[in-house]
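Asker: File name final-v4.txt; file contents compact mmCIF, C-alpha atoms; full text below.
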```
# COMPACT_ATOMS: atom_id res chain seq x y z
CA MET A 922 -32.37 4.03 -41.62
CA ALA A 923 -30.30 6.43 -39.60
CA LYS A 924 -26.74 5.65 -38.64
CA HIS A 925 -25.49 6.11 -35.13
CA ARG A 926 -22.22 7.58 -33.98
CA ILE A 927 -20.96 5.53 -31.04
CA ARG A 928 -18.00 5.87 -28.73
CA VAL A 929 -16.46 2.95 -26.90
CA ALA A 930 -13.22 2.21 -25.09
CA VAL A 931 -11.65 -0.90 -26.60
CA ASN A 932 -8.81 -2.38 -24.58
CA GLY A 933 -8.36 1.02 -22.98
CA ALA A 934 -8.28 3.04 -26.21
CA ALA A 935 -11.10 5.44 -27.10
CA ARG A 936 -12.67 4.50 -30.45
CA GLU A 937 -15.49 5.99 -32.47
CA ALA A 938 -17.54 4.55 -35.27
CA GLU A 939 -20.59 5.33 -37.32
CA VAL A 940 -22.72 2.22 -37.34
CA GLU A 941 -25.94 0.87 -38.73
CA SER A 942 -28.51 -0.06 -36.08
CA ARG A 943 -28.28 -3.71 -37.00
CA LEU A 944 -24.49 -3.99 -36.79
CA LEU A 945 -23.58 -6.63 -34.23
CA LEU A 946 -20.93 -5.91 -31.63
CA VAL A 947 -18.79 -8.80 -32.88
CA HIS A 948 -18.76 -7.27 -36.37
CA LEU A 949 -17.89 -3.85 -34.98
CA ILE A 950 -14.92 -5.41 -33.23
CA ARG A 951 -13.75 -7.63 -36.10
CA GLU A 952 -14.61 -5.66 -39.21
CA VAL A 953 -14.60 -2.02 -38.14
CA PHE A 954 -11.87 -2.11 -35.51
CA ARG A 955 -10.07 -5.01 -37.25
CA LEU A 956 -9.52 -6.90 -34.01
CA THR A 957 -9.97 -10.42 -35.31
CA GLY A 958 -9.01 -12.28 -32.16
CA THR A 959 -12.71 -12.39 -31.24
CA HIS A 960 -14.20 -15.26 -33.22
CA VAL A 961 -17.63 -15.84 -34.70
CA GLY A 962 -18.55 -19.44 -33.97
CA CYS A 963 -22.16 -20.54 -33.96
CA ASP A 964 -23.53 -16.99 -34.39
CA THR A 965 -26.58 -18.05 -32.32
CA SER A 966 -25.38 -17.24 -28.77
CA HIS A 967 -24.64 -20.85 -27.92
CA CYS A 968 -20.89 -21.39 -28.33
CA GLY A 969 -19.26 -18.39 -26.67
CA ALA A 970 -16.37 -18.07 -29.15
CA CYS A 971 -17.33 -14.38 -29.53
CA THR A 972 -17.16 -13.62 -25.78
CA VAL A 973 -15.85 -10.18 -24.85
CA ILE A 974 -15.96 -8.26 -21.58
CA LEU A 975 -18.55 -5.49 -21.73
CA ASP A 976 -18.38 -3.10 -18.76
CA GLY A 977 -16.92 -5.84 -16.60
CA ALA A 978 -19.23 -8.68 -17.61
CA PRO A 979 -18.45 -11.39 -20.18
CA VAL A 980 -21.09 -11.42 -22.92
CA LYS A 981 -21.63 -13.07 -26.29
CA SER A 982 -20.87 -10.28 -28.73
CA CYS A 983 -22.78 -11.97 -31.58
CA THR A 984 -25.96 -11.20 -29.63
CA VAL A 985 -25.34 -7.58 -28.68
CA LEU A 986 -25.92 -4.66 -31.04
CA ALA A 987 -22.97 -2.33 -31.50
CA VAL A 988 -25.25 0.60 -30.59
CA GLN A 989 -26.10 -1.08 -27.29
CA ALA A 990 -22.41 -0.86 -26.41
CA ASP A 991 -22.25 2.92 -26.93
CA GLY A 992 -20.30 4.42 -24.03
CA ALA A 993 -19.08 1.04 -22.78
CA ALA A 994 -15.63 -0.30 -21.98
CA ILE A 995 -14.88 -3.41 -24.01
CA THR A 996 -12.03 -5.83 -23.48
CA THR A 997 -11.20 -8.31 -26.21
CA VAL A 998 -8.61 -11.07 -26.21
CA GLU A 999 -6.08 -8.59 -27.66
CA GLY A 1000 -6.41 -6.59 -24.43
CA LEU A 1001 -5.37 -9.38 -22.09
CA GLU A 1002 -1.64 -9.10 -22.67
CA GLN A 1003 -0.17 -6.13 -20.83
CA GLY A 1004 3.20 -4.59 -21.68
CA GLY A 1005 4.34 -7.65 -23.61
CA LYS A 1006 3.46 -9.94 -20.73
CA LEU A 1007 0.80 -12.60 -21.16
CA HIS A 1008 -2.20 -12.54 -18.84
CA PRO A 1009 -2.06 -15.44 -16.34
CA VAL A 1010 -4.95 -17.18 -18.15
CA GLN A 1011 -3.03 -17.02 -21.42
CA GLU A 1012 0.00 -18.43 -19.67
CA GLY A 1013 -2.21 -21.12 -18.12
CA PHE A 1014 -3.62 -22.21 -21.47
CA THR A 1015 -0.06 -22.46 -22.81
CA GLU A 1016 1.34 -24.33 -19.82
CA LYS A 1017 -1.56 -26.74 -19.37
CA HIS A 1018 -2.32 -27.38 -23.03
CA GLY A 1019 -5.74 -25.72 -22.72
CA LEU A 1020 -6.41 -25.82 -26.45
CA GLN A 1021 -6.04 -27.86 -29.58
CA CYS A 1022 -7.57 -26.07 -32.56
CA GLY A 1023 -7.81 -22.78 -30.66
CA PHE A 1024 -11.11 -21.63 -32.07
CA CYS A 1025 -12.93 -21.39 -28.73
CA THR A 1026 -9.84 -20.09 -26.94
CA PRO A 1027 -10.41 -16.31 -27.17
CA GLY A 1028 -13.88 -16.73 -25.64
CA MET A 1029 -12.60 -19.15 -23.00
CA LEU A 1030 -9.85 -16.70 -22.06
CA MET A 1031 -12.29 -13.82 -21.69
CA THR A 1032 -14.73 -15.80 -19.56
CA ALA A 1033 -11.90 -17.21 -17.44
CA SER A 1034 -10.32 -13.78 -16.91
CA ALA A 1035 -13.70 -12.33 -15.86
CA LEU A 1036 -14.19 -15.18 -13.39
CA LEU A 1037 -10.75 -14.61 -11.88
CA GLU A 1038 -11.44 -10.88 -11.54
CA ARG A 1039 -14.27 -11.78 -9.14
CA ASN A 1040 -12.81 -14.89 -7.56
CA THR A 1041 -9.13 -15.81 -7.52
CA ASN A 1042 -9.81 -19.04 -5.69
CA PRO A 1043 -12.57 -20.78 -7.65
CA SER A 1044 -13.38 -24.43 -7.06
CA GLU A 1045 -13.34 -26.82 -10.01
CA GLN A 1046 -17.15 -26.71 -9.96
CA GLU A 1047 -17.15 -22.90 -10.06
CA ILE A 1048 -14.77 -22.92 -13.03
CA ARG A 1049 -16.90 -25.46 -14.86
CA GLU A 1050 -20.05 -23.43 -14.20
CA ALA A 1051 -18.38 -20.18 -15.29
CA ILE A 1052 -17.28 -21.64 -18.64
CA SER A 1053 -20.54 -23.53 -19.22
CA GLY A 1054 -21.53 -21.03 -21.90
CA ASN A 1055 -18.28 -21.59 -23.81
CA LEU A 1056 -18.13 -24.72 -25.94
CA CYS A 1057 -14.90 -26.54 -26.78
CA ARG A 1058 -15.13 -29.39 -29.27
CA CYS A 1059 -11.49 -30.55 -28.98
CA THR A 1060 -10.16 -31.05 -25.50
CA GLY A 1061 -13.17 -31.87 -23.39
CA TYR A 1062 -12.50 -29.16 -20.79
CA VAL A 1063 -10.10 -31.09 -18.52
CA ASN A 1064 -7.05 -29.10 -19.58
CA ILE A 1065 -9.06 -25.89 -19.81
CA VAL A 1066 -10.03 -26.27 -16.16
CA ARG A 1067 -6.36 -26.97 -15.29
CA ALA A 1068 -5.33 -23.87 -17.22
CA VAL A 1069 -7.77 -21.69 -15.26
CA GLN A 1070 -6.59 -23.25 -12.00
CA TYR A 1071 -3.00 -22.47 -13.00
CA ALA A 1072 -3.95 -18.86 -13.68
CA ALA A 1073 -5.87 -18.58 -10.42
CA GLU A 1074 -2.84 -19.72 -8.49
CA LYS A 1075 -0.66 -17.15 -10.26
CA MET A 1076 -3.14 -14.37 -9.51
CA ARG A 1077 -3.53 -15.15 -5.79
CA MET B 452 -26.38 -13.75 -39.65
CA ILE B 453 -27.42 -10.14 -39.90
CA PRO B 454 -30.86 -8.85 -38.94
CA ALA B 455 -33.03 -7.01 -41.46
CA ALA B 456 -32.53 -3.27 -41.18
CA PHE B 457 -34.35 -1.40 -38.44
CA ASP B 458 -34.24 1.92 -36.67
CA TYR B 459 -32.83 1.83 -33.16
CA HIS B 460 -34.23 4.14 -30.52
CA CYS B 461 -32.63 4.70 -27.17
CA PRO B 462 -35.09 6.66 -25.00
CA ALA B 463 -33.79 8.23 -21.78
CA SER B 464 -37.12 7.99 -19.96
CA LEU B 465 -40.14 5.73 -19.75
CA ASP B 466 -42.38 8.50 -21.13
CA GLU B 467 -40.11 8.90 -24.14
CA ALA B 468 -40.19 5.12 -24.67
CA LEU B 469 -43.99 5.06 -24.47
CA GLY B 470 -44.15 7.92 -26.97
CA LEU B 471 -42.00 5.92 -29.40
CA LEU B 472 -44.21 2.85 -29.03
CA ALA B 473 -47.33 4.96 -29.58
CA ARG B 474 -45.82 6.57 -32.67
CA HIS B 475 -44.54 3.39 -34.31
CA GLY B 476 -47.39 1.03 -33.39
CA SER B 477 -46.98 -2.60 -34.36
CA SER B 478 -43.72 -1.91 -36.21
CA ALA B 479 -42.03 -1.26 -32.86
CA LYS B 480 -40.64 -3.82 -30.43
CA VAL B 481 -39.22 -3.27 -26.95
CA LEU B 482 -35.58 -4.38 -26.61
CA ALA B 483 -34.48 -5.29 -23.08
CA GLY B 484 -31.55 -7.72 -22.77
CA GLY B 485 -32.07 -8.90 -26.33
CA MET B 486 -31.29 -12.53 -25.56
CA SER B 487 -34.50 -13.75 -27.21
CA LEU B 488 -35.22 -10.84 -29.55
CA LEU B 489 -31.80 -10.54 -31.22
CA PRO B 490 -31.66 -14.25 -32.19
CA VAL B 491 -35.19 -13.91 -33.61
CA LEU B 492 -34.08 -10.92 -35.71
CA LYS B 493 -30.83 -12.60 -36.77
CA LEU B 494 -32.56 -15.81 -37.79
CA ARG B 495 -35.18 -13.65 -39.55
CA LEU B 496 -37.96 -15.39 -37.67
CA GLY B 497 -39.35 -11.93 -37.04
CA ALA B 498 -38.68 -8.37 -38.15
CA TYR B 499 -39.51 -4.99 -36.65
CA ALA B 500 -38.83 -1.65 -38.29
CA ASN B 501 -38.19 -0.01 -34.90
CA LEU B 502 -36.46 -1.28 -31.77
CA VAL B 503 -37.02 0.68 -28.58
CA ASP B 504 -34.14 -0.09 -26.21
CA ILE B 505 -35.26 0.34 -22.59
CA GLY B 506 -31.79 -0.55 -21.31
CA ARG B 507 -30.74 3.01 -20.54
CA ILE B 508 -33.87 4.16 -18.74
CA PRO B 509 -32.97 4.89 -15.12
CA GLY B 510 -34.93 3.12 -12.39
CA LEU B 511 -36.08 0.12 -14.39
CA ASP B 512 -33.80 -2.32 -12.59
CA GLY B 513 -33.30 -3.27 -8.97
CA ILE B 514 -34.37 -5.82 -6.39
CA ARG B 515 -35.88 -4.70 -3.10
CA GLU B 516 -38.55 -5.51 -0.54
CA GLU B 517 -41.11 -2.75 -0.13
CA ASN B 518 -44.61 -2.57 1.41
CA GLY B 519 -44.98 -6.34 1.66
CA PHE B 520 -43.66 -7.11 -1.80
CA LEU B 521 -40.40 -8.18 -3.37
CA CYS B 522 -40.16 -5.69 -6.23
CA ILE B 523 -37.99 -6.63 -9.20
CA GLY B 524 -37.44 -4.04 -11.93
CA ALA B 525 -38.14 -5.39 -15.39
CA MET B 526 -34.61 -4.52 -16.64
CA THR B 527 -32.96 -6.44 -13.78
CA ARG B 528 -30.38 -8.76 -15.31
CA GLN B 529 -30.60 -12.45 -14.46
CA ALA B 530 -27.00 -12.22 -13.21
CA ALA B 531 -28.07 -9.59 -10.66
CA LEU B 532 -30.89 -11.81 -9.44
CA GLU B 533 -28.43 -14.70 -9.21
CA ARG B 534 -26.03 -12.69 -7.04
CA SER B 535 -28.72 -11.17 -4.80
CA GLU B 536 -28.29 -12.26 -1.18
CA LEU B 537 -31.92 -11.35 -0.52
CA VAL B 538 -33.16 -13.64 -3.30
CA ARG B 539 -30.88 -16.49 -2.26
CA ALA B 540 -31.91 -16.26 1.38
CA LYS B 541 -35.64 -15.65 1.11
CA TYR B 542 -36.76 -16.74 -2.36
CA PRO B 543 -35.18 -20.15 -2.94
CA ILE B 544 -37.60 -20.86 -5.80
CA LEU B 545 -35.85 -18.06 -7.74
CA GLY B 546 -32.46 -19.06 -6.38
CA ASP B 547 -33.00 -22.58 -7.78
CA ALA B 548 -34.13 -21.34 -11.17
CA VAL B 549 -31.75 -18.58 -12.21
CA PRO B 550 -28.58 -20.71 -12.49
CA LEU B 551 -30.60 -23.06 -14.75
CA ILE B 552 -31.54 -20.31 -17.22
CA ALA B 553 -29.44 -20.30 -20.42
CA ASP B 554 -25.76 -19.93 -19.44
CA PRO B 555 -23.75 -17.44 -17.35
CA LEU B 556 -22.81 -15.25 -20.33
CA VAL B 557 -26.41 -14.99 -21.50
CA ARG B 558 -27.53 -14.25 -17.92
CA ASN B 559 -25.22 -11.22 -17.89
CA ARG B 560 -27.53 -9.66 -20.51
CA ALA B 561 -30.88 -11.44 -20.09
CA THR B 562 -33.51 -9.66 -18.00
CA VAL B 563 -36.32 -10.80 -15.74
CA GLY B 564 -38.81 -8.63 -17.65
CA GLY B 565 -37.73 -10.15 -20.95
CA ASN B 566 -38.11 -13.67 -19.61
CA LEU B 567 -41.67 -12.85 -18.53
CA ALA B 568 -42.91 -10.51 -21.27
CA ASN B 569 -41.69 -12.58 -24.20
CA GLY B 570 -44.60 -14.98 -23.61
CA ASP B 571 -42.48 -18.04 -24.35
CA PRO B 572 -43.85 -20.99 -22.32
CA ALA B 573 -40.36 -22.52 -22.43
CA ASN B 574 -38.99 -19.65 -20.32
CA ASP B 575 -38.52 -20.55 -16.66
CA GLN B 576 -39.74 -17.53 -14.76
CA PRO B 577 -43.40 -17.39 -15.87
CA ALA B 578 -44.22 -20.66 -14.03
CA ILE B 579 -42.35 -19.36 -10.99
CA MET B 580 -44.35 -16.14 -10.97
CA LEU B 581 -47.56 -18.20 -11.14
CA ALA B 582 -46.40 -20.17 -8.11
CA LEU B 583 -45.43 -17.00 -6.23
CA GLY B 584 -48.71 -15.24 -7.03
CA ALA B 585 -46.83 -12.33 -8.61
CA THR B 586 -48.31 -9.24 -10.19
CA PHE B 587 -46.86 -7.55 -13.26
CA VAL B 588 -46.86 -3.76 -13.41
CA ALA B 589 -47.10 -2.21 -16.86
CA ARG B 590 -47.02 1.40 -18.04
CA GLY B 591 -48.92 2.56 -21.08
CA PRO B 592 -50.26 5.77 -22.58
CA LYS B 593 -53.13 5.71 -20.08
CA GLY B 594 -50.90 5.23 -17.07
CA GLU B 595 -49.99 2.27 -14.93
CA ARG B 596 -51.87 -0.98 -14.45
CA SER B 597 -51.25 -4.26 -12.69
CA VAL B 598 -51.93 -7.68 -14.14
CA PRO B 599 -51.79 -10.82 -11.98
CA ALA B 600 -49.43 -13.44 -13.43
CA ASN B 601 -52.33 -15.87 -13.80
CA GLN B 602 -54.12 -13.48 -16.15
CA PHE B 603 -51.04 -12.43 -18.11
CA TYR B 604 -50.43 -15.32 -20.51
CA LYS B 605 -53.03 -15.50 -23.27
CA ALA B 606 -51.52 -17.71 -25.98
CA LEU B 607 -48.15 -18.72 -27.40
CA TYR B 608 -45.97 -15.55 -27.37
CA THR B 609 -49.10 -13.56 -26.55
CA THR B 610 -49.54 -11.74 -23.25
CA ALA B 611 -51.91 -9.22 -21.73
CA LEU B 612 -49.40 -6.46 -22.60
CA ALA B 613 -50.67 -4.14 -25.32
CA PRO B 614 -48.15 -3.17 -28.04
CA ASP B 615 -47.97 0.34 -26.55
CA GLU B 616 -47.28 -0.89 -23.00
CA ILE B 617 -44.02 -1.68 -21.23
CA LEU B 618 -43.61 -4.14 -18.37
CA THR B 619 -41.83 -2.14 -15.66
CA GLN B 620 -41.89 -4.16 -12.46
CA ILE B 621 -42.69 -7.54 -10.98
CA ARG B 622 -44.26 -7.57 -7.53
CA ILE B 623 -44.09 -10.74 -5.49
CA PRO B 624 -45.93 -10.90 -2.15
CA ILE B 625 -43.37 -11.52 0.60
CA PRO B 626 -44.13 -15.09 1.69
CA PRO B 627 -45.43 -15.45 5.27
CA PRO B 628 -43.44 -17.43 7.85
CA ARG B 629 -43.35 -21.23 7.29
CA SER B 630 -43.24 -20.79 3.53
CA GLY B 631 -40.93 -22.53 1.09
CA GLY B 632 -40.51 -22.85 -2.63
CA ALA B 633 -38.55 -24.86 -5.15
CA TYR B 634 -37.94 -25.04 -8.88
CA VAL B 635 -36.88 -28.31 -10.43
CA LYS B 636 -35.95 -28.48 -14.11
CA LEU B 637 -35.01 -31.30 -16.43
CA LYS B 638 -32.90 -30.24 -19.39
CA ARG B 639 -30.48 -32.00 -21.68
CA LYS B 640 -27.56 -29.61 -21.29
CA THR B 641 -26.53 -26.11 -20.24
CA GLY B 642 -28.42 -23.54 -22.25
CA ASP B 643 -31.31 -25.85 -23.08
CA PHE B 644 -34.95 -25.11 -22.42
CA ALA B 645 -36.80 -27.46 -20.09
CA ALA B 646 -38.00 -30.88 -21.19
CA ALA B 647 -40.18 -30.34 -18.14
CA ALA B 648 -39.93 -28.17 -15.03
CA ALA B 649 -42.01 -27.52 -11.93
CA ALA B 650 -42.29 -24.43 -9.74
CA VAL B 651 -43.83 -24.95 -6.31
CA GLN B 652 -44.51 -22.51 -3.47
CA VAL B 653 -46.14 -23.66 -0.22
CA THR B 654 -47.08 -22.17 3.13
CA LEU B 655 -47.62 -24.48 6.08
CA ALA B 656 -50.12 -24.03 8.91
CA GLY B 657 -49.13 -24.48 12.56
CA ASN B 658 -50.23 -28.13 12.51
CA GLY B 659 -47.95 -28.93 9.57
CA ALA B 660 -50.79 -29.08 7.04
CA ILE B 661 -50.57 -27.08 3.84
CA GLU B 662 -52.25 -23.70 4.13
CA ARG B 663 -51.55 -22.58 0.59
CA ALA B 664 -49.85 -24.24 -2.34
CA ALA B 665 -49.30 -23.08 -5.88
CA ILE B 666 -47.76 -25.03 -8.74
CA GLY B 667 -46.54 -23.74 -12.10
CA LEU B 668 -45.32 -25.84 -15.03
CA THR B 669 -42.78 -24.76 -17.67
CA ASN B 670 -42.95 -25.91 -21.31
CA ALA B 671 -46.18 -27.79 -20.67
CA GLY B 672 -48.37 -26.19 -23.34
CA PRO B 673 -48.72 -22.98 -25.36
CA THR B 674 -48.76 -20.90 -22.17
CA PRO B 675 -47.23 -21.47 -18.73
CA VAL B 676 -49.57 -23.75 -16.81
CA GLU B 677 -50.86 -23.25 -13.30
CA ALA B 678 -51.96 -26.55 -11.77
CA THR B 679 -54.85 -25.16 -9.75
CA ASP B 680 -56.63 -28.50 -9.09
CA ALA B 681 -53.53 -29.97 -7.50
CA ALA B 682 -53.06 -26.81 -5.40
CA ARG B 683 -56.67 -26.97 -4.18
CA PHE B 684 -56.28 -30.68 -3.42
CA LEU B 685 -53.23 -29.93 -1.25
CA ALA B 686 -54.89 -27.21 0.82
CA GLY B 687 -55.57 -28.38 4.37
CA LYS B 688 -53.74 -31.69 3.92
CA VAL B 689 -50.60 -32.85 5.64
CA PRO B 690 -48.02 -33.24 2.83
CA ASP B 691 -47.16 -36.90 3.33
CA GLU B 692 -45.78 -39.09 0.57
CA LYS B 693 -49.18 -40.24 -0.65
CA THR B 694 -50.62 -36.71 -0.77
CA ILE B 695 -47.60 -35.38 -2.65
CA ALA B 696 -47.79 -38.24 -5.14
CA GLU B 697 -51.48 -37.58 -5.78
CA ALA B 698 -50.90 -33.83 -6.19
CA ALA B 699 -48.05 -34.52 -8.62
CA ARG B 700 -50.31 -36.83 -10.63
CA MET B 701 -53.04 -34.17 -10.74
CA ALA B 702 -50.60 -31.45 -11.78
CA ALA B 703 -49.07 -33.54 -14.55
CA ALA B 704 -52.57 -34.23 -15.90
CA ARG B 705 -52.79 -30.49 -16.63
CA SER B 706 -49.61 -30.61 -18.71
CA GLU B 707 -50.12 -30.49 -22.48
CA PRO B 708 -46.60 -30.64 -23.89
CA SER B 709 -45.79 -31.21 -27.52
CA ALA B 710 -43.31 -33.79 -28.76
CA ASP B 711 -39.94 -32.51 -29.92
CA ARG B 712 -36.25 -33.41 -29.62
CA ARG B 713 -36.59 -33.16 -25.84
CA GLY B 714 -38.98 -36.10 -25.77
CA SER B 715 -42.41 -37.51 -26.51
CA VAL B 716 -45.64 -36.22 -25.00
CA GLU B 717 -45.80 -39.27 -22.70
CA TYR B 718 -42.23 -38.77 -21.50
CA LYS B 719 -42.72 -35.08 -20.79
CA LYS B 720 -45.96 -35.64 -18.88
CA GLU B 721 -44.30 -38.36 -16.82
CA MET B 722 -41.34 -36.07 -16.13
CA ALA B 723 -43.72 -33.28 -15.10
CA ARG B 724 -45.25 -35.69 -12.56
CA VAL B 725 -41.85 -36.68 -11.17
CA LEU B 726 -40.59 -33.09 -11.01
CA VAL B 727 -43.73 -31.72 -9.32
CA GLY B 728 -43.32 -34.42 -6.68
CA ARG B 729 -39.68 -33.49 -6.11
CA ALA B 730 -40.39 -29.76 -6.05
CA LEU B 731 -43.21 -30.28 -3.54
CA GLN B 732 -40.94 -32.30 -1.25
CA LYS B 733 -38.23 -29.66 -1.46
CA ALA B 734 -40.65 -26.78 -0.92
CA VAL B 735 -42.24 -28.44 2.10
CA ALA B 736 -38.83 -29.18 3.61
CA ARG B 737 -37.79 -25.56 3.10
CA ALA B 738 -41.01 -24.40 4.74
CA GLY B 739 -39.91 -26.29 7.82
CA GLY B 740 -42.15 -29.29 7.29
CA ARG B 741 -41.14 -32.93 6.94
```
Before we go any further, please render this structure as structure tokens.
Answerer:
Amino acid sequence: MAKHRIRVAVNGAAREAEVESRLLLVHLIREVFRLTGTHVGCDTSHCGACTVILDGAPVKSCTVLAVQADGAAITTVEGLEQGGKLHPVQEGFTEKHGLQCGFCTPGMLMTASALLERNTNPSEQEIREAISGNLCRCTGYVNIVRAVQYAAEKMR
Amino acid sequence: MIPAAFDYHCPASLDEALGLLARHGSSAKVLAGGMSLLPVLKLRLGAYANLVDIGRIPGLDGIREENGFLCIGAMTRQAALERSELVRAKYPILGDAVPLIADPLVRNRATVGGNLANGDPANDQPAIMLALGATFVARGPKGERSVPANQFYKALYTTALAPDEILTQIRIPIPPPRSGGAYVKLKRKTGDFAAAAAAVQVTLAGNGAIERAAIGLTNAGPTPVEATDAARFLAGKVPDEKTIAEAARMAAARSEPSADRRGSVEYKKEMARVLVGRALQKAVARAGGR
């Protein structure tokens, strides 16, 4: 089975790797690039803990092959903070207690940041729909929605 | 979970992709969005020695009206369909359905062609294509051919596509004036497949009677079901409450669901009846009827 040389931009930095066809994007990110902020949750594309932004769109990286991402720009949770300053969604989750155990948080942050890229004035319903592919088993979403609303207000 | 090893091929053209399928035969599988295939490989429910990724072939995606048809490229992502103004304005049956497929993150990868070609009767778009009278365009070693949606689904996960063919485009006749459609789905939660779902497309005559109706059912048997008796019954009738109820009863009688965690056979058939009724009402209202 041939290996593939792939090139991606991860959080703005050009990276290269030689990967097996079957390597999943989440494993490329965690185990090859050692960016362990992206979590593996259910590993069956249900929970969204592994969400990253792939060429502008949030996707479940447990269900994308690393080779499919060749040439793509990837943003992981490590890429949200800029110049030592938290992204508004990170600030929102801190201010509004948007997490308890924190396991779903990286995925929630990525989905929320992608939503706010497109729409800085989402309704509660739009926020709830946007995060409907990200499961939280602690807080029940109320504070997560407040955190996204907080971030939206900061970004407007 | 890690899939069994395979070779990954990334053809730059349809001809190159067809060549790969011809060369690797039944050991090859077409990879589009991967939202059904990759879980199958990860869970080791299936294994293929060769994956042919059609995701980088130019011209396989897009949504446009052309020569009397809405043409949807097979690689069109569900998210693109969801955001299409054209689809939202003129094809409400699709507009209803797409936000109910999987979840927004999955829809960023999932494709229309994958939803249709996978041959899973639990997928939402096959029943819709039956209701819309769509035609599927496939390319193979001998060239291009068209298969009507109602001749496409042969058995569970089995379609009219040969292993060396690729679904390239879906062609939906542009509905005439006074047409309307609706898709109504019952599911337990976001990301779930349907316990039952109904796709309805109607065209009304000048006197308010139904000129043409078509009804598709999701997850109602080993293949998507077209309720042809109910559609024939509706033709020429004014869609009043009694007529809709009778058509819904006839359509549900064609449903052959199996019992699972989504419910018993009786429950699913009853839900099919209720949902066909609701979809008919909605479709008729959208067509400008009562």
Asker: So how many Å separate CA of Ala1073 (chain A) and CA of His1018 (chain A), to one decimal?
Answerer: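 Going from CA of Ala1073 (chain A) over to CA of His1018 (chain A) covers 15.8 Å.
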Asker: Considering all atoms listed in the file, return as a list of chain:residue names whatever protein or nucleic-acid residues lie within 9 Å of Pro1043 (chain A), sequence-local ones (same chain, fewer than 6 positions apart) excluded.
Answerer: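 Returned residues: A:Leu1036, A:Leu1037, A:Gln1070, A:Ala1073.
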Asker: Have a look at B:Ala738, B:Val557, B:Ala498, B:Ala473 and name the one nearest to chain A; count all atoms listed in the file.
Answerer: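 Of B:Ala738, B:Val557, B:Ala498, B:Ala473, the one nearest chain A, counting all atoms listed in the file, is B:Val557.
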Asker: With 10 Å as the limit and counting only C-alpha atoms, what residues in chain A lie close to chain B? Please list them as an NGL selection string.
Answerer: :A and (922-925 or 941-945 or 948 or 963-969 or 972-975 or 977-986 or 988-989 or 1032 or 1050-1055)
Asker: CA of Thr957 (chain A) and CA of Leu1030 (chain A) are how many Å apart?
Answerer: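 About the pair CA of Thr957 (chain A) and CA of Leu1030 (chain A): they are 14.7 Å apart.
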Asker: Could you jot down the CA of Pro509 (chain B) to CA of Ser464 (chain B) separation for me, Å, one decimal place?
Answerer: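 Those two atoms sit 7.1 Å apart.
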Asker: Neighbouring residues of region 662-672 of chain B were defined as those with any atom within 6 Å, considering only C-alpha atoms; residues of the same chain fewer than 5 positions away were excluded. Please report them as a PyMOL selection string.
Answerer: chain B and resi 572-573+578+581-582+648-656+677-678+682+686-687+706-708
Asker: Taking only C-alpha atoms into account, name the residue in B:Glu697, B:Glu517, B:Asp575, B:Asp711 that is nearest to Leu545 (chain B).
Answerer: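 Smallest distance to Leu545 (chain B) is found for B:Asp575.
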Asker: I'd like the contact shell of Pro673 (chain B) - 7 Å cut-off, only C-alpha atoms, skipping same-chain residues fewer than 2 positions apart - returned as a list of chain:residue names.
Answerer: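 The contact residues come out as B:Pro572, B:Ala606, B:Leu607, B:Pro675.
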Asker: Export C-alpha atoms of the chosen residues as an mmCIF file, in the frame of the given file?
Answerer:
```cif
data_model
loop_
_atom_site.group_PDB
_atom_site.id
_atom_site.type_symbol
_atom_site.label_atom_id
_atom_site.label_comp_id
_atom_site.auth_asym_id
_atom_site.auth_seq_id
_atom_site.Cartn_x
_atom_site.Cartn_y
_atom_site.Cartn_z
ATOM 1 C CA PRO B 572 -43.850 -20.990 -22.320
ATOM 2 C CA ALA B 606 -51.520 -17.710 -25.980
ATOM 3 C CA LEU B 607 -48.150 -18.720 -27.400
ATOM 4 C CA PRO B 675 -47.230 -21.470 -18.730
#
```
Asker: So that I can see what lies close to Gly958 (chain A), please list as an MDAnalysis selection string the residues with an atom at most 9 Å from it, counting only C-alpha atoms and leaving out residues fewer than 2 positions away in the same chain.
Answerer: chainID A and resid 951 955:956 960 971 997:999 1027
Asker: Using C-alpha atoms, can you export the residues from the last selection as an mmCIF file, keeping the file's coordinate frame?
Answerer:
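Just written: again_36.cif:
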```cif
data_model
loop_
_atom_site.group_PDB
_atom_site.id
_atom_site.type_symbol
_atom_site.label_atom_id
_atom_site.label_comp_id
_atom_site.auth_asym_id
_atom_site.auth_seq_id
_atom_site.Cartn_x
_atom_site.Cartn_y
_atom_site.Cartn_z
ATOM 1 C CA ARG A 951 -13.750 -7.630 -36.100
ATOM 2 C CA ARG A 955 -10.070 -5.010 -37.250
ATOM 3 C CA LEU A 956 -9.520 -6.900 -34.010
ATOM 4 C CA HIS A 960 -14.200 -15.260 -33.220
ATOM 5 C CA CYS A 971 -17.330 -14.380 -29.530
ATOM 6 C CA THR A 997 -11.200 -8.310 -26.210
ATOM 7 C CA VAL A 998 -8.610 -11.070 -26.210
ATOM 8 C CA GLU A 999 -6.080 -8.590 -27.660
ATOM 9 C CA PRO A 1027 -10.410 -16.310 -27.170
#
```
Asker: When you look at Asn932 (chain A) with a cut-off of 7 Å (counting all atoms listed in the file), what residues show up, excluding the ones that are within fewer than 3 positions of it in the same chain? I need them as a list in words.
Answerer: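 Skipping anything fewer than 3 positions along the chain leaves Ile995, Thr996, Thr997 and Gly1000 of chain A.
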Asker: Just checking: using all atoms listed in the file, which residue out of B:Ala611, B:Leu496, B:Ala548, B:Leu731 ends up closest to Lys693 (chain B)?
Answerer: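 For Lys693 (chain B), the nearest of the given residues is B:Leu731.
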